[in-house]
Amino acid sequence: MANETHMSVSVWRGDAVGSFQPFEVKVEDNQTVLDVVAWIQQYADPTLSYRYACRVGMCGSCAMMVNGTPRWTCRTHVKKVLVDGHMQIAPLRNLPVIKDLATDMDPFFDKWVAAEGVHHPTLTRNDPIEALDPAAEARVESAAGIECINCSVCYAACDTVANNPDFLGPAALQRAWSVYNDSKNADKQAVLDAVSGVGGCHNCHSQGSCAVHCPNALNPMNAIAGLKRETARNFFKRRS
Amino acid sequence: MRRGYRNHTLWVAYLLHRLSGVALALFLPVHFWVLSYALNQPEHLDGFLRWSEMGIVKFAEFGLVFLLAAHLFGGLRLMALEWLPWTSGQKTAAAGAVAASTLIAGVFLMRAI
Ligand code: HEM
Ligand code: SF4
Ligand code: SF4
Ligand code: FES
């Protein structure tokens with residue numbers, strides 16, 4: 001039972017089918033949601049599966065649904081999310097569950113590549129390094145999204161992903177926008193073509209759940225709006 | 001229960017836009033059908049107009065006009081959001097200006113009728 005010294009934690013067990021299993025965990029002064037999951041695995045049930053690496057908000061591997069909201073668990077304090085001494089932890093939404101709290105992130109990363117979020121070089125290794133102007137307008141747009149840690153929190157928050165499995169999703173489209181605005185990127189057209197297909201940027205309804213939940217306070221919705229403008233401009237340019 | 005990840009203003013705006021859009025799509029065919037009476041069977045239209053004097057019908061019409069207004073401003077909001085790369089401060093100011101002018105124009109309209 002939840003009281004002053006202990007909290008009750010419901011943890012998802014299983015894959016696509018399964019159920020929540022209750023655990024009693026001691027409340028500490030400083031404790032993250034990931035600490036709680038790790039404690040359960042180490043002291044209560046060693047068969048619990050979950051994923052993490054850096055514990056400091058860099059690697060993007062620890063995201064889970066905490067009380068129904070996608071969060072990076074290594075930097076979410078228990079005190080912030082506990083409701084009446086209780087919390088529920090589930091695997092990330094919109095991704096296939098491998099086991100318990102570990103999801104298969106392949107679809108998320110595959111879409112990153114499908115959105116042409118890849119480098120198209122303008123120079124070779126034999127050329128001198130090109131200087132960048134950090135204040136240039138396109139550079140500012142490009143830089144706005146580069147702190148993405150691939151955690152898939154935005155992907156889990158997006159209802160458009162839930163309704164359309166082909167939708168590339170906020171993170172991949174944001175990376176495409178960063179690449180598009182990079183002066184060292186040689187193939188703008190490849191990016192625009194990749195993001196204007198069936199699952200492309202025009203699926204987004206600007207709900208903004210991605211921007212609300214991104215733990216790094218990035219705004220994929222803005223990046224997607226940028227892609228919508230540039231694809232439209234490109235459409236009219238190519239016809240005239 | 002509304003899920004945690006939907007607990008924010010833009011999601012509510014999205015829901016309102018979707019519901020008002022669907023409601024308008026259902027309503028508009030009926031609306032044009034009634035209007036067609038004016039051309040084909042004016043006496044039927046008069047009957048309908050008498051019926052529409054009833055309070056409950058008036059209230060339903062208010063709802064439809066409200067839906068159209070909500071959808072119109074929701075649509076303008078989206079178009080501003082996506083097509084005008086302004087800062088969020090500028091957008092708040094613009095939204096405030098639109099709201100204020102709508103209110104003032106609305107008051108003038110109410111006094112006129
Ligand atoms: C009066 C008849 C109208 C009907 C029946 C209608 C219907 C709809 C429907 C069903 C949607 C889909 C909602 C969604 O995707 O979430 C939609 C979206 C939209 N409507 Fe309308 N609409 C009407 C008028 C307008 C007007 C007057 C405007 C703008 C001034 C407008 C702007 C938009 C925009 C921008 C969207 C995209 C919303 C999104 O991406 O979610 N619509 N409309
Ligand atoms: S703004 Fe677009 S990408 Fe972001 S959560 Fe909403 S629908 Fe998904
Ligand atoms: S945009 Fe934000 S929420 Fe989405 S993957 Fe990158 S860091 Fe995570
Ligand atoms: S464990 Fe690396 S971001 Fe949380």
# chains A, B, ... in the order shown; residues from 1 in each chain; ligands from 1
>>> residues_around(residues="stretch 51-65 of chain B", least_positions_apart="6", cutoff="9 Å", atoms="only C-alpha atoms", output="list in words")
Ser20, Ala23, Leu24 and Phe27 of chain B
>>> write_last_selection(atoms="C-alpha atoms", output="short mmCIF file (atom, residue, chain, number, x, y, z; two decimals), in the first residue's frame")
data_model
loop_
_atom_site.label_atom_id
_atom_site.label_comp_id
_atom_site.auth_asym_id
_atom_site.auth_seq_id
_atom_site.Cartn_x
_atom_site.Cartn_y
_atom_site.Cartn_z
CA SER B 20 -16.64 21.57 -36.12
CA ALA B 23 -20.44 18.96 -38.12
CA LEU B 24 -20.26 21.51 -40.94
CA PHE B 27 -24.92 20.44 -41.98
#
>>> residues_near_ligand(ligand="ligand 2", cutoff="9 Å", atoms="only C-alpha atoms and all ligand atoms", output="CSV table (one decimal) with N, CA, C and O atoms, in the first residue's frame")
chain,number,residue,atom,x,y,z
A,154,CYS,N,8.4,12.4,-28.8
A,154,CYS,CA,7.5,13.1,-29.6
A,154,CYS,C,6.7,12.1,-30.5
A,154,CYS,O,5.5,12.3,-30.7
A,155,TYR,N,7.4,11.1,-31.0
A,155,TYR,CA,6.7,10.1,-31.8
A,155,TYR,C,5.6,9.4,-31.0
A,155,TYR,O,4.6,9.0,-31.6
A,156,ALA,N,5.9,9.1,-29.7
A,156,ALA,CA,4.9,8.5,-28.9
A,156,ALA,C,3.7,9.4,-28.6
A,156,ALA,O,2.6,9.0,-28.3
A,157,ALA,N,4.0,10.8,-28.6
A,157,ALA,CA,2.9,11.7,-28.2
A,157,ALA,C,2.0,12.0,-29.4
A,157,ALA,O,0.9,12.6,-29.2
A,158,CYS,N,2.5,11.7,-30.6
A,158,CYS,CA,1.8,12.2,-31.8
A,158,CYS,C,0.6,11.3,-32.2
A,158,CYS,O,0.7,10.1,-32.5
A,159,ASP,N,-0.6,11.9,-32.2
A,159,ASP,CA,-1.8,11.2,-32.6
A,159,ASP,C,-1.8,10.8,-34.1
A,159,ASP,O,-2.5,9.9,-34.6
A,160,THR,N,-1.1,11.7,-34.9
A,160,THR,CA,-1.1,11.4,-36.3
A,160,THR,C,-0.3,10.1,-36.6
A,160,THR,O,-0.6,9.3,-37.5
A,161,VAL,N,0.8,9.9,-35.9
A,161,VAL,CA,1.5,8.6,-36.0
A,161,VAL,C,0.6,7.5,-35.6
A,161,VAL,O,0.5,6.4,-36.3
A,167,PHE,N,3.1,7.6,-41.4
A,167,PHE,CA,3.6,9.0,-41.1
A,167,PHE,C,5.0,9.0,-40.6
A,167,PHE,O,5.3,8.2,-39.7
A,168,LEU,N,5.9,9.8,-41.2
A,168,LEU,CA,7.3,9.8,-40.8
A,168,LEU,C,7.5,10.2,-39.4
A,168,LEU,O,8.5,9.8,-38.7
A,169,GLY,N,6.6,11.1,-38.9
A,169,GLY,CA,6.7,11.5,-37.5
A,169,GLY,C,7.5,12.7,-37.3
A,169,GLY,O,8.3,13.1,-38.1
A,170,PRO,N,7.3,13.3,-36.1
A,170,PRO,CA,7.9,14.6,-35.8
A,170,PRO,C,9.5,14.6,-35.8
A,170,PRO,O,10.1,15.5,-36.4
A,171,ALA,N,10.1,13.6,-35.2
A,171,ALA,CA,11.6,13.7,-35.1
A,171,ALA,C,12.3,13.6,-36.4
A,171,ALA,O,13.2,14.4,-36.8
A,173,LEU,N,11.0,14.2,-39.4
A,173,LEU,CA,10.8,15.4,-40.2
A,173,LEU,C,11.6,16.6,-39.7
A,173,LEU,O,12.0,17.4,-40.5
A,174,GLN,N,11.7,16.7,-38.4
A,174,GLN,CA,12.5,17.8,-37.9
A,174,GLN,C,14.0,17.7,-38.4
A,174,GLN,O,14.6,18.6,-38.7
A,201,CYS,N,5.2,15.3,-44.6
A,201,CYS,CA,4.9,16.4,-43.6
A,201,CYS,C,3.5,16.9,-43.7
A,201,CYS,O,2.9,17.4,-42.7
A,202,HIS,N,2.8,16.7,-44.8
A,202,HIS,CA,1.4,17.2,-45.0
A,202,HIS,C,0.4,16.5,-44.2
A,202,HIS,O,-0.8,16.9,-44.1
A,203,ASN,N,0.8,15.3,-43.6
A,203,ASN,CA,-0.1,14.6,-42.7
A,203,ASN,C,-0.3,15.3,-41.4
A,203,ASN,O,-1.3,15.1,-40.7
A,204,CYS,N,0.6,16.1,-41.0
A,204,CYS,CA,0.6,16.7,-39.6
A,204,CYS,C,-0.5,17.7,-39.5
A,204,CYS,O,-0.7,18.5,-40.4
A,205,HIS,N,-1.3,17.6,-38.4
A,205,HIS,CA,-2.4,18.5,-38.1
A,205,HIS,C,-2.0,19.6,-37.2
A,205,HIS,O,-2.9,20.3,-36.6
A,206,SER,N,-0.7,19.8,-36.9
A,206,SER,CA,-0.3,20.9,-36.0
A,206,SER,C,-0.9,20.8,-34.6
A,206,SER,O,-1.3,21.8,-34.1
A,207,GLN,N,-1.1,19.6,-34.1
A,207,GLN,CA,-1.6,19.4,-32.8
A,207,GLN,C,-0.5,19.9,-31.7
A,207,GLN,O,-0.9,20.2,-30.6
A,208,GLY,N,0.7,19.8,-32.1
A,208,GLY,CA,1.8,20.3,-31.2
A,208,GLY,C,2.1,19.4,-30.0
A,208,GLY,O,2.8,19.9,-29.1
A,209,SER,N,1.6,18.2,-30.0
A,209,SER,CA,1.9,17.3,-28.8
A,209,SER,C,3.4,17.1,-28.8
A,209,SER,O,4.0,16.9,-27.7
A,210,CYS,N,4.1,17.0,-30.0
A,210,CYS,CA,5.5,16.8,-30.1
A,210,CYS,C,6.3,17.9,-29.3
A,210,CYS,O,7.2,17.6,-28.6
A,211,ALA,N,5.9,19.2,-29.6
A,211,ALA,CA,6.6,20.3,-29.0
A,211,ALA,C,6.3,20.4,-27.5
A,211,ALA,O,7.2,20.7,-26.7
A,212,VAL,N,5.1,20.0,-27.1
A,212,VAL,CA,4.8,20.1,-25.6
A,212,VAL,C,5.6,19.1,-24.9
A,212,VAL,O,6.1,19.3,-23.8
A,213,HIS,N,5.8,17.9,-25.4
A,213,HIS,CA,6.4,16.8,-24.7
A,213,HIS,C,7.9,16.6,-24.9
A,213,HIS,O,8.6,15.9,-24.1
A,219,ASN,N,11.0,22.0,-31.0
A,219,ASN,CA,9.7,22.2,-31.6
A,219,ASN,C,9.5,21.6,-33.0
A,219,ASN,O,9.6,22.3,-34.0
A,220,PRO,N,9.3,20.3,-33.1
A,220,PRO,CA,9.2,19.6,-34.4
A,220,PRO,C,8.0,20.2,-35.2
A,220,PRO,O,8.1,20.3,-36.4
A,221,MET,N,7.0,20.7,-34.5
A,221,MET,CA,5.8,21.3,-35.2
A,221,MET,C,6.3,22.4,-36.1
A,221,MET,O,5.8,22.5,-37.3
A,222,ASN,N,7.1,23.3,-35.6
A,222,ASN,CA,7.6,24.4,-36.4
A,222,ASN,C,8.4,23.9,-37.6
A,222,ASN,O,8.3,24.5,-38.7
A,224,ILE,N,8.1,21.1,-39.1
A,224,ILE,CA,7.2,20.5,-40.1
A,224,ILE,C,6.5,21.7,-40.9
A,224,ILE,O,6.3,21.6,-42.1
A,225,ALA,N,6.1,22.7,-40.2
A,225,ALA,CA,5.5,23.9,-40.9
A,225,ALA,C,6.5,24.4,-41.9
A,225,ALA,O,6.1,24.8,-43.0
B,10,LEU,N,-3.2,23.2,-27.8
B,10,LEU,CA,-3.3,23.0,-29.2
B,10,LEU,C,-4.0,21.7,-29.5
B,10,LEU,O,-4.7,21.6,-30.6
B,11,TRP,N,-4.0,20.7,-28.6
B,11,TRP,CA,-4.8,19.5,-28.9
B,11,TRP,C,-6.3,19.8,-28.8
B,11,TRP,O,-7.0,19.3,-29.6
>>> interface_residues(of="chain B", to="chain A", cutoff="10 Å", atoms="only C-alpha atoms", output="VMD selection string")
chain B and resid 2 to 15 18 78 to 79 81 to 85
>>> residues_around(residues="A:Lys111", least_positions_apart="3", cutoff="7 Å", atoms="only C-alpha atoms", output="number ranges by chain")
A: 107-108, 114-115, 168, 172
>>> select_by_dssp(residues="stretch 129-210 of chain A", states="helix (DSSP H, G or I)", output="ChimeraX atom specification")
/A:137-143,153-157,159-163,170-180,188-195,201-203,209-210
>>> write_last_selection(atoms="C-alpha atoms", output="tab-separated table (two decimals), in the first residue's frame")
chain	number	residue	atom	x	y	z
A	137	GLU	CA	19.05	32.73	-41.07
A	138	ALA	CA	19.16	29.21	-42.52
A	139	ARG	CA	21.75	28.18	-39.94
A	140	VAL	CA	19.51	29.34	-37.10
A	141	GLU	CA	16.64	27.23	-38.54
A	142	SER	CA	18.95	24.26	-38.92
A	143	ALA	CA	20.40	24.60	-35.42
A	153	VAL	CA	8.98	10.88	-26.92
A	154	CYS	CA	7.49	13.11	-29.64
A	155	TYR	CA	6.73	10.06	-31.79
A	156	ALA	CA	4.86	8.50	-28.87
A	157	ALA	CA	2.93	11.72	-28.21
A	159	ASP	CA	-1.82	11.17	-32.63
A	160	THR	CA	-1.08	11.38	-36.34
A	161	VAL	CA	1.52	8.62	-35.97
A	162	ALA	CA	-1.09	6.58	-34.06
A	163	ASN	CA	-3.64	7.03	-36.85
A	170	PRO	CA	7.95	14.62	-35.80
A	171	ALA	CA	11.59	13.69	-35.09
A	172	ALA	CA	12.45	12.41	-38.57
A	173	LEU	CA	10.77	15.40	-40.24
A	174	GLN	CA	12.53	17.79	-37.91
A	175	ARG	CA	15.87	16.24	-38.85
A	176	ALA	CA	14.95	16.58	-42.53
A	177	TRP	CA	14.33	20.31	-41.90
A	178	SER	CA	17.74	20.64	-40.20
A	179	VAL	CA	19.44	18.95	-43.15
A	180	TYR	CA	17.42	21.01	-45.64
A	188	LYS	CA	17.69	20.00	-51.06
A	189	GLN	CA	15.42	18.44	-53.66
A	190	ALA	CA	16.02	14.92	-52.30
A	191	VAL	CA	14.83	16.11	-48.88
A	192	LEU	CA	11.71	17.81	-50.27
A	193	ASP	CA	10.84	14.73	-52.33
A	194	ALA	CA	11.27	12.46	-49.31
A	195	VAL	CA	9.02	14.53	-47.04
A	201	CYS	CA	4.90	16.39	-43.63
A	202	HIS	CA	1.42	17.24	-44.97
A	203	ASN	CA	-0.14	14.60	-42.70
A	209	SER	CA	1.94	17.33	-28.83
A	210	CYS	CA	5.51	16.80	-30.07
>>> residues_near_ligand(ligand="ligand 4", cutoff="7 Å", atoms="only C-alpha atoms and all ligand atoms", output="list in words")
Tyr52, Ala53, Cys54, Arg55, Val56, Gly57, Met58, Cys59, Gly60, Ser61, Cys62, Ala63, Trp72, Thr73, Cys74 and Arg75 of chain A
>>> write_last_selection(atoms="N, CA, C and O atoms", output="compact mmCIF listing (two decimals), in the first residue's frame")
# COMPACT_ATOMS: atom_id res chain seq x y z
N TYR A 52 18.10 1.44 -21.04
CA TYR A 52 18.69 2.75 -20.73
C TYR A 52 20.18 2.65 -21.02
O TYR A 52 20.71 1.56 -21.22
N ALA A 53 20.85 3.80 -21.05
CA ALA A 53 22.31 3.76 -21.20
C ALA A 53 22.96 4.88 -20.38
O ALA A 53 23.66 4.62 -19.43
N CYS A 54 22.68 6.14 -20.73
CA CYS A 54 23.52 7.21 -20.18
C CYS A 54 23.08 7.69 -18.80
O CYS A 54 23.88 8.16 -18.03
N ARG A 55 21.82 7.61 -18.47
CA ARG A 55 21.22 8.10 -17.22
C ARG A 55 21.26 9.61 -17.06
O ARG A 55 20.92 10.13 -16.00
N VAL A 56 21.71 10.34 -18.07
CA VAL A 56 21.81 11.79 -17.91
C VAL A 56 21.14 12.56 -19.06
O VAL A 56 21.47 13.72 -19.31
N GLY A 57 20.19 11.94 -19.76
CA GLY A 57 19.48 12.68 -20.79
C GLY A 57 20.26 12.93 -22.06
O GLY A 57 20.04 13.95 -22.73
N MET A 58 21.17 12.04 -22.41
CA MET A 58 21.95 12.23 -23.64
C MET A 58 21.64 11.20 -24.71
O MET A 58 21.69 11.50 -25.90
N CYS A 59 21.34 9.96 -24.31
CA CYS A 59 21.33 8.88 -25.30
C CYS A 59 19.95 8.64 -25.90
O CYS A 59 19.82 8.09 -26.98
N GLY A 60 18.90 9.02 -25.19
CA GLY A 60 17.55 8.88 -25.72
C GLY A 60 17.02 7.46 -25.70
O GLY A 60 16.12 7.14 -26.48
N SER A 61 17.51 6.60 -24.81
CA SER A 61 17.03 5.21 -24.86
C SER A 61 16.04 4.84 -23.75
O SER A 61 15.50 3.75 -23.75
N CYS A 62 15.78 5.74 -22.80
CA CYS A 62 15.04 5.35 -21.59
C CYS A 62 13.58 5.80 -21.58
O CYS A 62 12.91 5.71 -20.55
N ALA A 63 13.07 6.33 -22.71
CA ALA A 63 11.71 6.90 -22.68
C ALA A 63 10.64 5.83 -22.45
O ALA A 63 10.73 4.72 -22.96
N TRP A 72 11.26 11.14 -20.68
CA TRP A 72 12.58 10.51 -20.50
C TRP A 72 12.66 10.16 -19.03
O TRP A 72 12.64 11.02 -18.15
N THR A 73 12.77 8.86 -18.71
CA THR A 73 12.63 8.45 -17.31
C THR A 73 13.86 8.79 -16.49
O THR A 73 13.76 8.98 -15.28
N CYS A 74 15.04 8.89 -17.12
CA CYS A 74 16.25 9.14 -16.33
C CYS A 74 16.29 10.56 -15.81
O CYS A 74 17.05 10.86 -14.89
N ARG A 75 15.50 11.46 -16.38
CA ARG A 75 15.51 12.83 -15.90
C ARG A 75 14.13 13.29 -15.44
O ARG A 75 13.84 14.48 -15.41
>>> residues_around(residues="stretch 76-91 of chain A", least_positions_apart="3", cutoff="10 Å", atoms="only C-alpha atoms", output="ChimeraX atom specification")
/A:1-13,15-16,19-22,24,27-37,50,57,62-73,94-104,156,215
